[in-house]
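Raw upload02.txt, compact mmCIF, C-alpha atoms and all ligand atoms:
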# COMPACT_ATOMS: atom_id res chain seq x y z
CA MET A 215 12.80 23.45 10.69
CA GLY A 216 12.35 20.20 12.64
CA ASN A 217 11.52 16.81 11.27
CA ILE A 218 7.80 16.21 10.74
CA THR A 219 6.83 12.93 12.38
CA ILE A 220 4.30 10.29 11.40
CA THR A 221 2.55 10.96 14.74
CA GLU A 222 1.99 14.61 13.75
CA ILE A 223 0.68 13.54 10.34
CA LYS A 224 -1.76 11.09 11.93
CA LYS A 225 -3.04 13.75 14.33
CA ASP A 226 -3.68 16.35 11.63
CA SER A 227 -7.36 17.00 10.93
CA TYR A 228 -6.73 17.82 7.23
CA VAL A 229 -5.38 14.33 6.56
CA LYS A 230 -8.22 12.71 8.50
CA ILE A 231 -10.85 14.67 6.57
CA PHE A 232 -9.32 13.75 3.20
CA LEU A 233 -8.79 10.07 4.01
CA ASP A 234 -12.32 9.87 5.28
CA ALA A 235 -13.58 11.47 2.06
CA ALA A 236 -11.52 8.98 0.02
CA ASP A 237 -13.14 6.09 1.86
CA LYS A 238 -16.62 7.54 1.40
CA ASN A 239 -16.02 7.88 -2.36
CA PHE A 240 -15.14 4.19 -2.51
CA ALA A 241 -18.02 3.18 -0.27
CA ALA A 242 -20.42 5.02 -2.56
CA ILE A 243 -19.46 2.78 -5.47
CA GLY A 244 -19.28 -0.38 -3.34
CA TYR A 245 -15.49 -0.68 -3.51
CA LYS A 246 -13.39 -2.07 -0.71
CA GLU A 247 -12.17 -0.10 2.29
CA HIS A 248 -9.76 2.68 1.36
CA GLY A 249 -9.63 4.87 4.44
CA LEU A 250 -7.72 5.10 7.70
CA ARG A 251 -7.29 1.35 8.11
CA HIS A 252 -5.65 0.98 4.68
CA ALA A 253 -3.54 4.12 5.29
CA LYS A 254 -2.25 2.83 8.64
CA LEU A 255 -1.50 -0.63 7.34
CA THR A 256 0.35 0.62 4.26
CA SER A 257 2.27 3.05 6.47
CA ASN A 258 3.31 0.30 8.89
CA ILE A 259 4.39 -2.15 6.21
CA ALA A 260 6.25 0.49 4.16
CA GLY A 261 8.14 1.56 7.29
CA ASN A 262 8.87 -2.03 8.32
CA VAL A 263 10.28 -2.86 4.88
CA LEU A 264 12.91 -0.14 5.19
CA ALA A 265 13.54 -0.90 8.87
CA TYR A 266 14.16 -4.60 8.17
CA LEU A 267 16.44 -3.67 5.29
CA ASN A 268 18.46 -1.47 7.64
CA PHE A 269 17.69 1.92 6.12
CA PRO A 270 18.28 5.00 8.31
CA LYS A 271 15.56 5.84 10.83
CA ARG A 272 14.44 8.98 9.02
CA ASP A 273 13.93 7.04 5.77
CA VAL A 274 11.76 4.60 7.73
CA GLU A 275 9.65 7.49 8.98
CA LEU A 276 9.37 9.03 5.51
CA ALA A 277 8.16 5.67 4.19
CA GLN A 278 5.57 5.61 6.98
CA ILE A 279 4.40 9.09 5.99
CA ALA A 280 4.30 8.27 2.27
CA GLY A 281 2.41 5.05 3.01
CA TYR A 282 -0.08 6.88 5.17
CA LEU A 283 -0.78 9.50 2.51
CA HIS A 284 -0.48 7.34 -0.62
CA ASP A 285 -4.20 7.13 -1.45
CA ILE A 286 -5.28 10.57 -0.28
CA GLY A 287 -6.02 11.53 -3.90
CA ASN A 288 -9.03 9.19 -3.90
CA SER A 289 -10.75 11.99 -1.99
CA ILE A 290 -11.01 13.77 -5.36
CA GLU A 291 -11.48 10.79 -7.68
CA MET A 292 -9.88 7.41 -8.21
CA HIS A 293 -8.56 7.32 -11.78
CA GLN A 294 -5.88 9.94 -11.31
CA HIS A 295 -5.49 9.58 -7.58
CA THR A 296 -1.72 9.22 -7.76
CA LEU A 297 -1.35 12.64 -9.34
CA SER A 298 -3.98 14.42 -7.25
CA GLY A 299 -2.68 12.67 -4.12
CA ALA A 300 0.88 13.83 -4.77
CA LEU A 301 -0.29 17.42 -5.19
CA LEU A 302 -2.55 17.31 -2.13
CA ALA A 303 0.29 15.84 -0.07
CA LYS A 304 2.75 18.45 -1.35
CA ARG A 305 0.49 21.25 -0.24
CA PHE A 306 -0.18 19.66 3.10
CA LEU A 307 3.48 18.88 3.85
CA GLN A 308 4.54 22.39 2.84
CA ARG A 309 1.97 23.78 5.27
CA MET A 310 3.56 21.60 7.96
CA ASN A 311 6.97 23.03 7.03
CA MET A 312 8.51 19.78 5.95
CA LYS A 313 11.85 20.16 4.18
CA ASP A 314 11.58 20.35 0.37
CA SER A 315 14.18 17.55 0.06
CA GLU A 316 11.82 15.25 2.00
CA ILE A 317 8.60 16.44 0.35
CA ILE A 318 9.92 15.48 -3.08
CA LYS A 319 10.66 11.92 -1.91
CA ILE A 320 7.13 11.53 -0.57
CA VAL A 321 5.29 13.03 -3.53
CA THR A 322 7.32 10.86 -5.93
CA ALA A 323 6.33 7.73 -3.99
CA ILE A 324 2.66 8.76 -3.95
CA GLY A 325 2.70 9.70 -7.62
CA SER A 326 4.30 6.40 -8.67
CA HIS A 327 2.65 3.84 -6.39
CA GLU A 328 0.33 2.43 -9.07
CA GLU A 329 3.00 2.14 -11.80
CA LYS A 330 2.76 -1.31 -13.35
CA ASP A 331 5.30 -1.31 -16.14
CA ILE A 332 8.40 0.14 -14.59
CA VAL A 333 10.66 -0.78 -11.74
CA PRO A 334 10.17 1.68 -8.83
CA GLY A 335 12.59 4.59 -8.98
CA SER A 336 13.17 5.08 -5.26
CA GLU A 337 13.23 3.15 -2.00
CA LEU A 338 10.19 5.06 -0.78
CA THR A 339 8.18 4.16 -3.89
CA ALA A 340 9.17 0.49 -3.61
CA ALA A 341 8.31 0.43 0.11
CA VAL A 342 4.88 2.03 -0.47
CA ILE A 343 4.09 -0.46 -3.26
CA LEU A 344 5.02 -3.35 -0.95
CA GLY A 345 2.77 -1.93 1.76
CA ASP A 346 -0.13 -1.07 -0.51
CA LYS A 347 -0.28 -4.17 -2.67
CA THR A 348 0.04 -6.51 0.30
CA ASP A 349 -3.23 -5.29 1.76
CA VAL A 350 -5.58 -8.03 0.61
CA HIS A 351 -7.99 -8.92 3.36
CA HIS A 352 -11.57 -9.97 3.97
CA THR A 353 -12.13 -7.08 6.38
CA ARG A 354 -11.84 -4.64 3.44
CA VAL A 355 -15.02 -6.01 1.85
CA ARG A 356 -18.03 -3.91 2.84
CA THR A 357 -20.89 -5.85 1.35
CA GLU A 358 -22.76 -8.59 3.19
CA LYS A 359 -23.59 -10.14 -0.18
CA ARG A 360 -21.89 -13.44 -0.92
CA THR A 361 -23.10 -14.02 -4.47
CA GLY A 362 -22.67 -12.07 -7.68
CA LEU A 363 -19.44 -10.48 -6.44
CA ASP A 364 -16.66 -9.42 -8.82
CA GLU A 365 -13.37 -11.37 -8.70
CA HIS A 366 -11.47 -8.64 -6.93
CA THR A 367 -13.97 -8.58 -4.07
CA ARG A 368 -14.00 -12.36 -3.89
CA VAL A 369 -10.21 -12.51 -3.62
CA ASN A 370 -10.33 -10.06 -0.72
CA LEU A 371 -13.15 -11.97 0.90
CA ALA A 372 -11.24 -15.24 0.61
CA CYS A 373 -8.07 -13.84 2.14
CA THR A 374 -8.10 -14.38 5.90
CA ASN A 375 -4.46 -13.59 6.50
CA SER A 376 -1.80 -11.59 4.70
CA PHE A 377 1.73 -11.08 5.98
CA LEU A 378 4.80 -9.59 4.35
CA ARG A 379 8.06 -11.04 5.64
CA VAL A 380 11.27 -9.18 4.87
CA ASP A 381 14.54 -10.95 5.47
CA ALA A 382 17.65 -8.86 4.84
CA LYS A 383 20.00 -11.81 5.36
CA SER A 384 18.54 -14.04 2.67
CA LYS A 385 17.51 -10.98 0.61
CA THR A 386 13.96 -12.25 0.42
CA VAL A 387 10.58 -10.54 0.57
CA SER A 388 7.81 -13.10 1.08
CA LEU A 389 4.09 -12.55 0.92
CA GLU A 390 2.31 -15.17 3.00
CA LEU A 391 -1.40 -15.46 2.28
CA THR A 392 -4.10 -17.65 3.74
CA ILE A 393 -6.88 -18.11 1.24
CA ASN A 394 -10.21 -19.81 1.77
CA THR A 395 -10.42 -22.01 -1.32
CA LYS A 396 -14.14 -22.47 -0.78
CA ILE A 397 -14.51 -18.85 -1.95
CA ILE A 398 -11.92 -18.79 -4.76
CA ASP A 399 -9.51 -21.33 -6.11
CA ILE A 400 -5.83 -20.55 -6.45
CA GLY A 401 -6.12 -20.23 -10.23
CA GLU A 402 -8.67 -17.45 -9.86
CA TYR A 403 -6.40 -15.73 -7.38
CA PHE A 404 -3.63 -15.60 -9.97
CA GLU A 405 -5.96 -14.49 -12.76
CA THR A 406 -7.09 -11.56 -10.68
CA PHE A 407 -3.93 -10.60 -8.87
CA LEU A 408 -1.12 -11.51 -11.26
CA GLU A 409 -0.45 -7.88 -12.13
CA ARG A 410 -0.28 -7.01 -8.45
CA MET A 411 2.16 -9.88 -7.81
CA LEU A 412 4.39 -8.57 -10.58
CA GLN A 413 4.31 -5.10 -9.02
CA LEU A 414 5.36 -6.61 -5.71
CA LYS A 415 8.13 -8.55 -7.43
CA LYS A 416 9.47 -5.38 -9.08
CA ALA A 417 9.35 -3.55 -5.75
CA ALA A 418 11.23 -6.38 -4.00
CA ASN A 419 13.75 -6.46 -6.84
CA TYR A 420 14.41 -2.75 -6.33
CA PHE A 421 15.99 -3.77 -3.01
CA LYS A 422 17.84 -6.60 -4.80
CA CYS A 423 15.57 -9.02 -2.97
CA MET A 424 13.80 -12.06 -4.33
CA PHE A 425 10.02 -12.05 -4.14
CA VAL A 426 8.39 -15.23 -2.88
CA LEU A 427 4.67 -15.93 -2.64
CA TYR A 428 3.20 -18.49 -0.29
CA ILE A 429 -0.48 -19.36 -0.44
CA ASN A 430 -1.73 -21.63 2.34
CA LYS A 431 1.93 -22.49 3.08
CA ASN A 432 2.63 -23.61 -0.51
CA LYS A 433 5.32 -21.76 -2.43
CA PHE A 434 4.08 -20.37 -5.75
CA LEU A 435 6.60 -17.79 -6.93
FE FE B 501 -3.61 3.73 -4.82
FE FE B 502 -3.72 1.87 -1.67
Would you encode the structure as structure tokens?
Ligand SMILES: [Fe+2]
Ligand SMILES: [Fe+2]
Amino acid sequence: MGNITITEIKKDSYVKIFLDAADKNFAAIGYKEHGLRHAKLTSNIAGNVLAYLNFPKRDVELAQIAGYLHDIGNSIEMHQHTLSGALLAKRFLQRMNMKDSEIIKIVTAIGSHEEKDIVPGSELTAAVILGDKTDVHHTRVRTEKRTGLDEHTRVNLACTNSFLRVDAKSKTVSLELTINTKIIDIGEYFETFLERMLQLKKAANYFKCMFVLYINKNKFL
């Protein structure tokens, strides 16, 4: 049984069909992009987090796979997408003959990636949270409307750049955001995304790293 690679996962038509369906479900209710773009970005960041923190290569690849599949459950519905996503991924990874010892790591990360009250229980979960919750960007907004938008959409619209910097030496994970304050002010950003910032902080703390937030080059956390 060989190692299943992220390249094989990305090529698989099953995953593409389900991620596409997830995105269509969100599009139907006017929610932000939740398809291949979000999957790829979360996968890249989750992998980079472990790579920069000097985890073994295979762990980096497992984080990439977990990141890529983390929202696949939205193809069924959004409220329990962590649970449905974990079960969909389990079935899919078993079909690909992934080792059980690796499948369990991935389904745990998928199943726990929206947890708000607890510190992540594994490096894969923490890496996926860092990848997922960093993805705030104006390109995710689908509507052309610029008035009457909910806060969440406005925060995404205002965010023109989002970068997660991981520094193993100083044990720091920094989220660097560029926000157009003509669309939202910084206070509104915090009102809307405070919970998300706390999730990122817990995920960084899992790696015994400090979490720092920069908005328009000013340090906030
Ligand atoms: Fe999610
Ligand atoms: Fe997500």
Box time for range 357-362 of chain A: axis-aligned, enclosing all its listed atoms, 8 Å extra on each side; report centre and edge lengths in Å to one decimal, as lines of an AutoDock Vina configuration file.
center_x = -22.2
center_y = -9.9
center_z = -2.2
size_x = 18.7
size_y = 24.2
size_z = 26.9
### Message
Considering only C-alpha atoms and all ligand atoms, can you say which of A:Gln294, A:Thr219, A:Thr348, A:Thr353 comes closest to ligand FE 502 (chain B)?
### Response
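So, comparing all the options, the nearest one is A:Thr348.
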### Query
Which is closer to Val333 in chain A than all the others in A:Ile320, A:Met424, A:Leu412, A:Leu250, using all atoms listed in the file?
A:Leu412
### Task
Measuring atom to atom with only C-alpha atoms, identify which of A:Leu283, A:Ile324, A:Val387, A:Met310 is nearest to Lys254 in chain A.
A:Leu283
Between chain A and ligand FE 502 (chain B), at 7 Å or less, what are the per-residue closest atom pairs and their distances in Å? Count all atoms listed in the file, order by chain and rising residue number, and return it as a tab-separated table.
residue	atom	partner	partner_atom	distance
A:His248	CA	B:FE502	FE	6.8
A:His252	CA	B:FE502	FE	6.7
A:His284	CA	B:FE502	FE	6.4
A:Asp285	CA	B:FE502	FE	5.3
A:Asp346	CA	B:FE502	FE	4.8
### Query
Contacts of Asp399 in chain A at 12 Å or less, counting all atoms listed in the file, minus same-chain residues fewer than 2 places along, as a list in words?
Glu365, Arg368, Val369, Ala372, Cys373, Thr392, Ile393, Asn394, Thr395, Lys396, Ile397, Gly401, Glu402, Tyr403, Phe404, Glu405, Thr406, Ile429 and Asn430 of chain A
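Nearest-residue note for Met411 in chain A: choosing from A:His295, A:Lys246, A:Lys225, A:Lys347, the minimum distance belongs to A:Lys347, counting only C-alpha atoms.
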### Given all atoms listed in the file as the counted atoms, nearest of A:His351, A:Ile218, A:Ile318, A:Glu291 to Ala242 in chain A
A:Glu291
### Task
Rounded to one decimal place, report the CA of Ser257 in chain A-CA of Phe421 in chain A distance in Å.
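Atom-to-atom, CA of Ser257 in chain A and CA of Phe421 in chain A are spaced 18.0 Å apart.
Counting all atoms listed in the file, the residue from A:Ile398, A:Leu276, A:Ile317, A:Leu344 that sits nearest to ligand FE 501 (chain B) is A:Leu344.
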### Query
List as a PyMOL selection string: which residues have an atom within 12 Å of (17.4, -7.1, -5.9), counting only C-alpha atoms?
chain A and resi 267+333-334+337+340+382+384-387+415-425
### Task
Tell me which protein, DNA and RNA residues are within 12 Å of Tyr228 in chain A, counting only C-alpha atoms, leaving out same-chain ones fewer than 4 positions away, and put them as a PyMOL selection string.
chain A and resi 222-224+232-235+283+286+289+302-303+305-307+309-310
### Task
Determine, counting all atoms listed in the file, every residue of protein, DNA or RNA that lies within 7 Å of (3.9, 1.6, 6.0) in the file coordinates, then give the result as a PyMOL selection string.
chain A and resi 254-262+277-278+281-282+342+345
Contacts of Arg356 in chain A within 12 Å, only C-alpha atoms, excl. fewer than 3 positions in-chain, as a CSV table (one decimal) with C-alpha atoms, in the coordinates of the input:
chain,number,residue,atom,x,y,z
A,237,ASP,CA,-13.1,6.1,1.9
A,238,LYS,CA,-16.6,7.5,1.4
A,240,PHE,CA,-15.1,4.2,-2.5
A,241,ALA,CA,-18.0,3.2,-0.3
A,242,ALA,CA,-20.4,5.0,-2.6
A,243,ILE,CA,-19.5,2.8,-5.5
A,244,GLY,CA,-19.3,-0.4,-3.3
A,245,TYR,CA,-15.5,-0.7,-3.5
A,246,LYS,CA,-13.4,-2.1,-0.7
A,247,GLU,CA,-12.2,-0.1,2.3
A,248,HIS,CA,-9.8,2.7,1.4
A,351,HIS,CA,-8.0,-8.9,3.4
A,352,HIS,CA,-11.6,-10.0,4.0
A,353,THR,CA,-12.1,-7.1,6.4
A,359,LYS,CA,-23.6,-10.1,-0.2
A,360,ARG,CA,-21.9,-13.4,-0.9
A,363,LEU,CA,-19.4,-10.5,-6.4
A,367,THR,CA,-14.0,-8.6,-4.1
A,368,ARG,CA,-14.0,-12.4,-3.9
A,370,ASN,CA,-10.3,-10.1,-0.7
A,371,LEU,CA,-13.2,-12.0,0.9
### Query
What gap, in Å, lies between CA of Gly335 in chain A and CA of Val350 in chain A?
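About the pair CA of Gly335 in chain A and CA of Val350 in chain A: they are 24.1 Å apart.
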Polymer residues at most 7 Å from Lys319 in chain A, all atoms listed in the file, same-chain spacing of 4 or more positions, as a compact mmCIF listing (two decimals) with C-alpha atoms, keeping the file's coordinate frame:
# COMPACT_ATOMS: atom_id res chain seq x y z
CA SER A 315 14.18 17.55 0.06
CA ALA A 323 6.33 7.73 -3.99
CA LEU A 338 10.19 5.06 -0.78
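For the pair CA of Leu389 in chain A and CA of Asp364 in chain A, the separation is 23.1 Å.
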